[in-house]
$ cat data28.cif   # mmCIF, C-alpha atoms
data_data
#
loop_
_atom_site.label_atom_id
_atom_site.label_comp_id
_atom_site.auth_asym_id
_atom_site.auth_seq_id
_atom_site.Cartn_x
_atom_site.Cartn_y
_atom_site.Cartn_z
CA MET A 105 -26.36 39.40 159.68
CA THR A 106 -26.51 39.13 155.86
CA LYS A 107 -29.32 36.94 154.58
CA HIS A 108 -28.60 34.01 152.28
CA LYS A 109 -29.66 34.63 148.70
CA ILE A 110 -31.79 32.03 146.87
CA LEU A 111 -32.61 31.92 143.16
CA ILE A 112 -36.05 30.32 142.58
CA VAL A 113 -36.70 28.99 139.07
CA ASP A 114 -40.16 27.81 137.97
CA ASP A 115 -42.11 28.27 134.73
CA GLU A 116 -45.45 27.97 136.59
CA LYS A 117 -46.17 31.50 137.86
CA ILE A 118 -48.48 30.48 140.71
CA SER A 119 -45.98 27.93 142.02
CA LEU A 120 -43.16 30.50 141.66
CA ARG A 121 -45.09 33.11 143.70
CA MET A 122 -45.97 30.59 146.44
CA THR A 123 -42.38 29.38 146.80
CA ASP A 124 -41.14 32.97 146.85
CA HIS A 125 -43.70 33.86 149.55
CA ILE A 126 -42.48 31.00 151.77
CA LEU A 127 -38.75 31.62 151.40
CA SER A 128 -38.76 35.43 151.42
CA SER A 129 -39.75 35.36 155.10
CA GLU A 130 -36.19 34.18 155.97
CA TYR A 131 -34.06 34.69 152.85
CA GLU A 132 -33.36 37.17 150.09
CA THR A 133 -35.06 35.73 147.01
CA ILE A 134 -34.70 36.24 143.25
CA CYS A 135 -37.22 34.73 140.84
CA ALA A 136 -36.81 33.45 137.27
CA SER A 137 -39.57 31.97 135.10
CA SER A 138 -37.23 30.15 132.68
CA GLY A 139 -33.84 28.49 132.56
CA LYS A 140 -32.50 31.18 130.22
CA GLU A 141 -33.51 33.95 132.62
CA ALA A 142 -32.04 31.97 135.52
CA ILE A 143 -28.61 31.78 133.84
CA THR A 144 -28.54 35.56 133.41
CA LEU A 145 -29.66 36.20 137.00
CA TYR A 146 -27.18 33.72 138.47
CA LYS A 147 -24.25 35.50 136.82
CA SER A 148 -25.34 38.91 138.08
CA GLU A 149 -26.66 37.97 141.54
CA HIS A 150 -24.39 35.06 142.62
CA PRO A 151 -26.98 33.33 144.87
CA ASP A 152 -26.03 30.86 147.61
CA LEU A 153 -28.54 28.27 146.38
CA VAL A 154 -30.62 27.58 143.26
CA LEU A 155 -34.07 26.05 143.90
CA SER A 156 -35.32 24.96 140.49
CA ASP A 157 -38.34 23.16 139.10
CA LEU A 158 -37.22 20.02 137.30
CA ARG A 159 -39.62 20.00 134.34
CA MET A 160 -39.45 23.21 132.30
CA PRO A 161 -39.65 23.91 128.54
CA GLU A 162 -36.46 24.56 126.53
CA ILE A 163 -34.04 24.39 129.50
CA ASP A 164 -35.06 21.93 132.23
CA GLY A 165 -33.57 21.80 135.74
CA PHE A 166 -30.87 19.24 134.85
CA THR A 167 -29.73 21.22 131.80
CA LEU A 168 -29.75 24.45 133.81
CA GLN A 169 -27.43 23.00 136.46
CA LYS A 170 -25.08 21.45 133.92
CA SER A 171 -24.95 24.62 131.79
CA LEU A 172 -24.04 26.83 134.75
CA GLN A 173 -21.43 24.40 136.09
CA ASP A 174 -19.80 23.87 132.68
CA GLU A 175 -19.65 27.60 131.94
CA LEU A 176 -18.45 28.72 135.38
CA GLY A 177 -16.22 25.72 136.06
CA LYS A 178 -17.44 25.01 139.57
CA GLN A 179 -19.99 23.00 141.53
CA ILE A 180 -23.16 25.05 142.15
CA PRO A 181 -25.53 24.29 145.07
CA PHE A 182 -28.81 23.08 143.51
CA MET A 183 -32.08 21.80 144.98
CA PHE A 184 -34.85 20.52 142.70
CA MET A 185 -38.63 20.73 143.00
CA THR A 186 -40.61 18.08 141.14
CA ALA A 187 -44.11 16.63 140.86
CA ASP A 188 -42.71 13.32 139.53
CA LYS A 189 -43.55 10.30 141.65
CA ASN A 190 -40.80 7.99 140.33
CA ASP A 191 -37.26 7.82 141.70
CA GLU A 192 -35.47 7.91 138.34
CA ALA A 193 -35.33 11.70 138.17
CA GLU A 194 -34.12 11.89 141.75
CA SER A 195 -31.29 9.43 141.07
CA LYS A 196 -30.22 11.36 137.97
CA GLY A 197 -30.24 14.63 139.92
CA PHE A 198 -28.02 13.32 142.71
CA ALA A 199 -25.69 11.87 140.08
CA ILE A 200 -24.97 15.35 138.68
CA GLY A 201 -24.54 16.94 142.10
CA ALA A 202 -27.99 18.00 143.34
CA LEU A 203 -28.02 18.48 147.12
CA ASP A 204 -31.71 17.67 147.68
CA PHE A 205 -35.15 17.08 146.14
CA ILE A 206 -38.55 18.15 147.36
CA ARG A 207 -41.82 16.92 145.88
CA LYS A 208 -44.71 19.21 144.99
CA PRO A 209 -46.95 20.11 146.66
CA PHE A 210 -44.85 20.75 149.79
CA ARG A 211 -45.51 22.23 153.19
CA ALA A 212 -43.92 25.57 154.04
CA ASP A 213 -42.20 24.31 157.20
CA VAL A 214 -40.71 21.30 155.35
CA LEU A 215 -39.31 23.52 152.56
CA LEU A 216 -37.79 25.98 155.06
CA ARG A 217 -36.20 23.20 157.10
CA ARG A 218 -34.68 21.45 154.07
CA VAL A 219 -33.36 24.69 152.59
CA SER A 220 -31.81 25.55 155.97
CA ASN A 221 -30.10 22.13 156.13
CA ILE A 222 -28.68 22.56 152.62
CA LEU A 223 -27.27 26.01 153.37
CA LYS A 224 -25.58 24.69 156.53
CA THR A 225 -24.04 21.87 154.49
CA VAL A 226 -22.87 24.34 151.83
CA GLU A 227 -21.21 26.53 154.49
CA GLN A 228 -19.39 23.49 155.93
CA ILE A 229 -18.22 22.40 152.46
CA GLN A 230 -17.04 25.90 151.58
CA GLY A 231 -15.22 26.20 154.91
CA LEU A 232 -13.40 22.91 154.33
CA LYS A 233 -12.62 23.88 150.74
CA LYS A 234 -11.23 27.25 151.80
CA ALA A 235 -8.97 25.58 154.39
CA ALA A 236 -7.74 23.15 151.74
CA VAL A 237 -6.89 25.76 149.12
CA THR A 238 -5.57 28.72 151.14
CA ASP A 239 -2.30 29.47 152.86
CA PRO A 240 -3.13 29.57 156.59
CA MET A 241 -0.79 32.47 157.41
CA THR A 242 -1.62 34.95 154.64
CA GLY A 243 -5.07 33.83 153.51
CA LEU A 244 -3.89 33.81 149.88
CA LEU A 245 -4.21 30.69 147.74
CA ASN A 246 -1.64 28.02 148.55
CA LYS A 247 0.90 26.69 146.06
CA SER A 248 -1.12 23.84 144.56
CA SER A 249 -4.33 25.88 144.31
CA SER A 250 -2.49 28.80 142.70
CA GLN A 251 -1.08 26.46 140.08
CA GLU A 252 -4.44 24.81 139.35
CA GLU A 253 -6.46 28.04 139.14
CA ILE A 254 -3.92 29.95 137.05
CA ASP A 255 -3.62 26.96 134.70
CA VAL A 256 -7.39 27.15 134.10
CA LEU A 257 -7.38 30.94 133.65
CA VAL A 258 -4.51 31.19 131.16
CA LYS A 259 -6.07 28.67 128.79
CA ASN A 260 -8.80 31.17 127.88
CA ASN A 261 -7.61 34.54 129.20
CA ALA A 262 -4.85 36.96 128.30
CA GLY A 263 -2.96 38.47 131.20
CA ALA A 264 0.23 38.76 133.24
CA ILE A 265 1.65 36.12 135.55
CA MET A 266 4.01 37.66 138.11
CA MET A 267 6.44 35.89 140.43
CA ILE A 268 7.07 38.17 143.43
CA ASP A 269 9.96 37.53 145.80
CA LEU A 270 10.80 39.36 149.03
CA ASP A 271 14.38 40.67 148.93
CA SER A 272 16.55 40.49 152.08
CA PHE A 273 13.84 38.76 154.13
CA LYS A 274 16.23 36.44 156.03
CA PRO A 275 17.74 39.28 158.12
CA VAL A 276 14.23 40.08 159.45
CA ASN A 277 14.04 36.63 161.04
CA ASP A 278 17.68 36.74 162.16
CA ILE A 279 17.57 40.20 163.75
CA TYR A 280 13.96 40.66 164.86
CA GLY A 281 12.82 37.04 165.27
CA HIS A 282 10.42 34.75 163.43
CA ASP A 283 7.31 36.37 164.92
CA MET A 284 8.29 39.62 163.24
CA GLY A 285 9.06 37.69 160.06
CA ASP A 286 5.51 36.32 160.08
CA LYS A 287 4.11 39.83 160.56
CA VAL A 288 6.10 41.08 157.57
CA LEU A 289 4.84 38.19 155.40
CA ILE A 290 1.22 38.86 156.43
CA LYS A 291 1.60 42.57 155.71
CA PHE A 292 3.28 41.84 152.39
CA ALA A 293 0.33 39.64 151.39
CA GLU A 294 -2.01 42.56 152.23
CA ILE A 295 0.08 44.89 150.06
CA ILE A 296 -0.15 42.45 147.15
CA ARG A 297 -3.94 42.32 147.57
CA THR A 298 -4.17 46.12 147.40
CA ALA A 299 -1.95 46.18 144.28
CA ILE A 300 -4.34 44.01 142.25
CA ARG A 301 -8.06 43.96 141.44
CA SER A 302 -10.68 41.74 143.06
CA THR A 303 -10.91 39.78 139.79
CA ASP A 304 -7.17 38.98 139.84
CA LEU A 305 -5.61 36.03 141.65
CA ALA A 306 -2.86 35.98 144.29
CA GLY A 307 -1.15 33.06 146.01
CA ARG A 308 1.80 32.14 148.20
CA MET A 309 4.18 29.65 146.62
CA GLY A 310 6.05 29.11 149.89
CA GLY A 311 8.47 30.97 152.14
CA ASP A 312 8.81 34.54 150.87
CA GLU A 313 7.74 33.80 147.29
CA PHE A 314 4.33 34.84 145.95
CA ILE A 315 2.49 34.63 142.63
CA VAL A 316 -0.13 36.84 140.94
CA PHE A 317 -2.19 36.56 137.76
CA CYS A 318 -3.82 39.74 136.45
CA LYS A 319 -6.35 39.19 133.67
CA ASN A 320 -6.15 41.33 130.52
CA ILE A 321 -3.02 43.20 131.60
CA LEU A 322 -0.45 43.18 128.79
CA ASP A 323 1.19 46.57 129.33
CA GLU A 324 4.70 46.66 130.77
CA GLU A 325 4.05 50.12 132.24
CA VAL A 326 1.35 48.63 134.46
CA ILE A 327 3.83 46.04 135.76
CA ALA A 328 6.33 48.83 136.45
CA GLU A 329 3.71 50.79 138.39
CA LYS A 330 2.78 47.74 140.47
CA ALA A 331 6.46 47.04 141.22
CA LEU A 332 7.00 50.62 142.36
CA TYR A 333 3.84 50.60 144.49
CA ILE A 334 4.67 47.26 146.17
CA ASN A 335 8.23 48.37 147.00
CA ASP A 336 7.12 51.74 148.37
CA GLN A 337 4.38 50.23 150.53
CA LEU A 338 6.68 47.47 151.79
CA ILE A 339 9.26 49.94 153.10
CA LYS A 340 6.55 52.01 154.82
CA ALA A 341 5.05 48.90 156.42
CA ALA A 342 8.45 47.54 157.49
CA LYS A 343 9.32 50.79 159.27
CA GLU A 344 5.95 50.80 161.00
CA LEU A 345 6.54 47.24 162.21
CA MET A 346 10.26 47.41 163.07
CA GLY A 347 10.86 51.11 163.71
CA ALA A 348 11.93 54.09 161.63
CA ASP A 349 15.61 53.14 162.07
CA MET A 350 15.10 49.76 160.37
CA SER A 351 18.07 49.40 157.99
CA ILE A 352 17.41 46.04 156.30
CA PRO A 353 17.26 46.61 152.51
CA LEU A 354 13.83 45.02 152.17
CA GLY A 355 12.20 45.10 148.77
CA ALA A 356 10.38 43.05 146.18
CA SER A 357 11.67 41.58 142.93
CA ILE A 358 9.11 40.73 140.24
CA GLY A 359 9.45 38.48 137.21
CA CYS A 360 6.61 38.67 134.68
CA ALA A 361 5.44 36.75 131.61
CA PHE A 362 2.44 37.61 129.43
CA ALA A 363 -0.18 35.10 128.28
CA PRO A 364 -0.83 34.03 125.58
CA ASP A 365 2.34 35.45 123.93
CA GLU A 366 4.69 33.42 126.15
CA GLY A 367 2.42 30.43 126.77
CA LYS A 368 -1.07 29.15 127.50
CA ASP A 369 -0.37 26.87 130.45
CA PHE A 370 0.85 27.47 133.98
CA LEU A 371 4.16 25.61 133.80
CA THR A 372 5.40 27.38 130.65
CA LEU A 373 4.50 30.82 131.96
CA PHE A 374 5.83 30.03 135.45
CA LYS A 375 9.26 29.04 134.08
CA LYS A 376 9.52 32.23 132.03
CA ALA A 377 8.37 34.50 134.85
CA ASP A 378 10.79 32.71 137.19
CA LYS A 379 13.65 33.27 134.74
CA ALA A 380 12.79 36.97 134.61
CA LEU A 381 12.69 37.04 138.42
CA TYR A 382 16.16 35.45 138.59
CA ASP A 383 17.51 38.19 136.29
CA VAL A 384 16.09 40.88 138.60
CA LYS A 385 17.62 39.21 141.67
CA GLN A 386 21.01 39.09 139.93
CA ASN A 387 20.89 42.71 138.83
CA GLY A 388 20.19 44.80 141.88
CA LYS A 389 16.80 43.47 143.11
CA HIS A 390 13.90 45.77 144.09
CA GLY A 391 12.58 45.94 140.53
CA TYR A 392 10.87 44.01 137.77
CA LYS A 393 11.53 42.36 134.44
CA VAL A 394 9.15 41.13 131.75
CA PHE A 395 10.26 37.96 129.96
CA HIS A 396 10.62 38.36 126.20
CA ASP A 397 11.45 35.47 123.89
CA THR A 398 14.49 36.88 122.09
CA LYS A 399 14.28 34.42 119.20
CA LYS A 400 10.57 35.12 118.71
CA ALA A 401 11.22 38.86 118.71
CA GLN A 402 14.00 38.52 116.15
CA ASP A 403 11.84 36.32 113.91
CA ASN A 404 9.16 39.02 113.91
CA LEU A 405 11.40 41.91 112.82
CA PRO A 406 9.45 43.95 110.23
CA ASN A 407 12.51 44.86 108.10
CA GLU A 408 16.29 45.05 108.13
CA THR A 409 16.44 48.74 108.97
CA SER A 410 14.82 48.06 112.38
CA ALA A 411 17.17 45.19 113.25
CA LEU A 412 19.70 47.35 115.12
CA SER A 413 17.11 49.27 117.16
CA THR A 414 15.34 46.02 118.02
CA ALA A 415 18.60 44.37 119.08
CA MET A 416 19.42 47.37 121.26
CA LEU A 417 15.95 47.30 122.79
CA LEU A 418 16.30 43.62 123.66
CA MET A 419 19.59 44.29 125.44
CA THR A 420 18.39 47.36 127.32
CA GLU A 421 18.12 47.00 131.09
CA ARG A 422 14.39 46.89 131.78
CA SER A 423 14.31 48.27 135.31
CA PRO A 424 17.61 49.92 136.28
CA GLY A 425 16.28 51.35 139.52
CA LYS A 426 18.34 53.71 141.66
CA GLY A 427 21.94 53.33 142.75
CA ALA A 428 24.88 51.28 141.52
CA LEU A 429 24.66 48.27 139.23
CA VAL A 430 25.08 45.03 141.19
CA LEU A 431 26.71 42.19 139.24
CA PRO A 432 27.75 38.59 139.96
CA SER A 433 31.51 38.12 140.17
CA GLU A 434 31.94 36.69 136.64
CA GLN A 435 30.01 39.54 135.00
CA PHE A 436 31.90 42.06 137.17
CA LYS A 437 35.18 40.52 135.97
CA THR A 438 34.11 40.98 132.33
CA VAL A 439 33.18 44.63 132.94
CA TYR A 440 36.49 45.15 134.79
CA GLN A 441 38.49 43.71 131.87
CA PHE A 442 36.59 45.84 129.36
CA LEU A 443 37.08 49.05 131.37
CA ASN A 444 40.77 48.22 131.73
CA ARG A 445 41.01 48.29 127.92
CA VAL A 446 39.17 51.63 127.90
CA THR A 447 41.71 53.18 130.30
CA VAL A 448 44.65 51.90 128.25
CA ASN A 449 43.33 53.19 124.92
CA TYR A 450 41.49 56.34 125.95
CA HIS A 451 43.27 57.28 129.19
CA LYS A 452 40.03 57.44 131.17
CA ARG A 453 40.40 57.53 134.97
CA ILE A 454 38.45 54.76 136.72
CA HIS A 455 38.83 54.13 140.45
CA VAL A 456 38.62 50.69 142.06
CA MET A 457 37.62 50.23 145.69
CA LEU A 458 37.56 47.17 147.93
CA TYR A 459 35.34 47.31 151.04
CA SER A 460 35.97 44.74 153.78
CA ILE A 461 33.87 43.76 156.81
CA THR A 462 35.58 42.55 159.99
CA PRO A 463 33.30 41.22 162.77
CA GLU A 464 34.17 42.59 166.22
CA GLU A 465 31.91 40.18 168.10
CA GLN A 466 31.35 36.44 167.92
CA ASP A 467 28.33 34.93 166.14
CA VAL A 468 28.04 37.76 163.63
CA ASP A 469 26.09 36.61 160.56
CA ILE A 470 28.58 37.61 157.86
CA GLU A 471 26.08 36.79 155.07
CA ASN A 472 23.60 39.23 156.55
CA ALA A 473 26.33 41.84 157.07
CA ILE A 474 27.44 41.58 153.43
CA GLU A 475 23.85 41.88 152.23
CA VAL A 476 23.33 45.01 154.32
CA LEU A 477 26.61 46.50 153.06
CA MET A 478 25.57 45.69 149.49
CA GLY A 479 22.39 47.69 150.06
CA VAL A 480 24.37 50.60 151.56
CA LEU A 481 26.80 50.70 148.63
CA LYS A 482 24.08 50.39 146.00
CA SER A 483 22.07 53.28 147.45
CA SER A 484 25.16 55.45 148.10
CA LEU A 485 26.65 55.22 144.60
CA ARG A 486 25.54 56.32 141.12
CA GLN A 487 23.86 54.28 138.39
CA SER A 488 27.11 54.44 136.43
CA ASP A 489 29.04 52.69 139.24
CA VAL A 490 29.33 48.90 139.51
CA ILE A 491 29.59 46.67 142.61
CA SER A 492 30.08 42.95 143.18
CA ARG A 493 30.79 40.62 146.07
CA HIS A 494 34.41 39.56 146.32
CA GLY A 495 35.16 36.56 148.52
CA LYS A 496 33.44 35.91 151.84
CA SER A 497 33.49 39.36 153.42
CA GLN A 498 34.41 41.90 150.74
CA ILE A 499 32.71 43.95 148.03
CA MET A 500 34.53 45.42 145.05
CA VAL A 501 33.49 48.75 143.49
CA LEU A 502 34.17 50.38 140.11
CA LEU A 503 33.77 54.18 140.10
CA LEU A 504 33.52 55.69 136.63
CA LYS A 505 34.35 59.34 135.93
CA THR A 506 35.51 60.03 139.47
CA LEU A 507 38.25 62.49 140.34
CA PRO A 508 40.61 61.86 143.28
CA SER A 509 38.90 64.75 145.10
CA ASP A 510 35.55 62.96 144.75
CA ILE A 511 36.72 59.84 146.58
CA GLU A 512 36.52 61.51 150.00
CA ILE A 513 32.93 62.59 149.34
CA VAL A 514 31.99 59.06 148.23
CA THR A 515 33.58 57.35 151.21
CA GLU A 516 32.06 59.80 153.69
CA ARG A 517 28.59 59.14 152.25
CA ILE A 518 29.12 55.38 152.48
CA ASP A 519 30.48 55.65 156.06
CA MET A 520 27.50 57.76 157.12
CA ASN A 521 24.99 55.29 155.66
CA TRP A 522 26.84 52.35 157.20
CA GLU A 523 26.86 54.03 160.63
CA ALA A 524 23.07 54.30 160.38
CA THR A 525 22.79 50.48 160.34
CA ASP A 526 22.69 48.30 163.46
CA LEU A 527 25.71 46.36 162.22
CA SER A 528 28.13 49.29 162.50
CA ASP A 529 28.52 48.61 166.24
CA ILE A 530 29.58 44.99 165.76
CA CYS A 531 31.38 45.09 162.40
CA LYS A 532 34.34 47.21 161.35
CA LEU A 533 34.23 48.57 157.80
CA THR A 534 37.48 49.36 155.96
CA TYR A 535 38.34 50.13 152.34
CA GLU A 536 41.22 50.39 149.88
CA VAL A 537 41.33 52.62 146.76
CA ASP A 538 43.37 52.31 143.57
CA VAL A 539 43.20 53.43 139.96
CA LEU A 540 42.52 51.06 137.08
CA LYS A 541 45.61 50.90 134.93
#
$ encode --input "data28.cif" --output "structure tokens"
Amino acid sequence: MTKHKILIVDDEKISLRMTDHILSSEYETICASSGKEAITLYKSEHPDLVLSDLRMPEIDGFTLQKSLQDELGKQIPFMFMTADKNDEAESKGFAIGALDFIRKPFRADVLLRRVSNILKTVEQIQGLKKAAVTDPMTGLLNKSSSQEEIDVLVKNNAGAIMMIDLDSFKPVNDIYGHDMGDKVLIKFAEIIRTAIRSTDLAGRMGGDEFIVFCKNILDEEVIAEKALYINDQLIKAAKELMGADMSIPLGASIGCAFAPDEGKDFLTLFKKADKALYDVKQNGKHGYKVFHDTKKAQDNLPNETSALSTAMLLMTERSPGKGALVLPSEQFKTVYQFLNRVTVNYHKRIHVMLYSITPEEQDVDIENAIEVLMGVLKSSLRQSDVISRHGKSQIMVLLLKTLPSDIEIVTERIDMNWEATDLSDICKLTYEVDVLK
């Protein structure tokens, strides 16, 4: 069992050696002969308790406790030793959070017993605090604690706040049950932990939505790497949990905002990261986007000659991912109308397809079926193709630069990938093909 660590602070060397001799029989001890030395040792050693003499030159016990708590932003377990006979010092110590006092000279058994009682109290307090601030299922910080701790961090630290959302999580509960859903959430939390450093912060905002703050990360390439890693590990874990034939298009969408460029408080950064997350969810999922203030970027243009390249950069899709472009119906309609003009003026051949799902059994979850089909179509088609939901049970497809002879190859690939899903036995898939004209 690991011993508790105690930092002993006393400017009187004989008293320091005696106290160390008593406590080292049961605890790991570190000794400091001044308040300044104690501050340095506390930061490097992270003791469980500070036992400090009250009266010391330059930095006394009270100042030592206050300095550490102000700098580190947390309550630190302190016990004071004093030769004072009055109660005024004791009252002041308790007022700033001291856990106990012991008067010099003291007996060894009394000191050991009182230190033991303090450490038990500290463990109870820390246990209660952990229960109050953590999500019971995943062990990550809960929503309120995530908000509070990130708000403190971003006021004085640069870094990246990332909203992470599980894509297509509902079918896990619907098909495999809520116990499996819980296992996936727990595993996903573990994957997030492995994707960040021990100095970073991770929390669960609720349901299948998580949040991360990584200090001093301001490089978009790092965010891209984390997104790729999280998605790869999630698929591996999902197939281990649900079987190699698992066909749910699970993934993770990430919206990111950098501090301090986009804000220095939690709420501002959260809103911007959430907006970036929404854009990812609307444009194919399983990727990331970093929020950039378009107006701010335009205001900072160095000269007129870079205006066009900057405008193009701002409009560029940040994380196209693999497969077809997924668009909401209104955006799909705009693309359709534009491509229709292209075919009229330039005689380009563009094929249009309409896939329909027909349930062959009762109680089929059509929303889940459409989501699975969306995943099949996205992965089966090219980046230059476009898909969008059409009505309750249909998906429309635009195939650019496709010859009539290519259609059979495309449909066979889609049929094969659909047959690999569990839904192919209970849902009939049909399609129609036409040419944009």
$ residues_around --input "data28.cif" --residues "region 271-286 of chain A" --least-positions-apart "5" --cutoff "9 Å" --atoms "all atoms listed in the file" --output "PDB file with C-alpha atoms, keeping the file's coordinate frame"
ATOM      1  CA  MET A 241      -0.790  32.470 157.410  1.00  0.00           C
ATOM      2  CA  LYS A 291       1.600  42.570 155.710  1.00  0.00           C
ATOM      3  CA  ASP A 312       8.810  34.540 150.870  1.00  0.00           C
ATOM      4  CA  LEU A 345       6.540  47.240 162.210  1.00  0.00           C
ATOM      5  CA  MET A 346      10.260  47.410 163.070  1.00  0.00           C
ATOM      6  CA  ILE A 352      17.410  46.040 156.300  1.00  0.00           C
ATOM      7  CA  PRO A 353      17.260  46.610 152.510  1.00  0.00           C
ATOM      8  CA  LEU A 354      13.830  45.020 152.170  1.00  0.00           C
ATOM      9  CA  GLY A 355      12.200  45.100 148.770  1.00  0.00           C
ATOM     10  CA  ALA A 356      10.380  43.050 146.180  1.00  0.00           C
ATOM     11  CA  SER A 357      11.670  41.580 142.930  1.00  0.00           C
ATOM     12  CA  LYS A 385      17.620  39.210 141.670  1.00  0.00           C
ATOM     13  CA  LYS A 389      16.800  43.470 143.110  1.00  0.00           C
ATOM     14  CA  HIS A 390      13.900  45.770 144.090  1.00  0.00           C
ATOM     15  CA  ASP A 469      26.090  36.610 160.560  1.00  0.00           C
ATOM     16  CA  ASN A 472      23.600  39.230 156.550  1.00  0.00           C
ATOM     17  CA  GLU A 475      23.850  41.880 152.230  1.00  0.00           C
ATOM     18  CA  VAL A 476      23.330  45.010 154.320  1.00  0.00           C
TER      19      VAL A 476
END
$ atom_distance --input "data28.cif" --atom1 "CA of Gly479 (chain A)" --atom2 "CA of Gly427 (chain A)"
9.2 Å
$ resolve_selection --input "data28.cif" --expression "the PyMOL selection byres ((chain A and resi 114-126) around 12)" --output "PyMOL selection string"
chain A and resi 109-113+127-142+154-165+168+184-187+206+208-217+219
$ atom_distance --input "data28.cif" --atom1 "CA of Lys505 (chain A)" --atom2 "CA of Met457 (chain A)"
13.7 Å
$ resolve_selection --input "data28.cif" --expression "the PyMOL selection byres ((chain A and resi 338) around 8)" --output "PyMOL selection string"
chain A and resi 292+295+334-337+339-342+354-355
$ residues_around --input "data28.cif" --residues "Ile474 (chain A)" --least-positions-apart "5" --cutoff "8 Å" --atoms "all atoms listed in the file" --output "ChimeraX atom specification"
/A:461,497-499
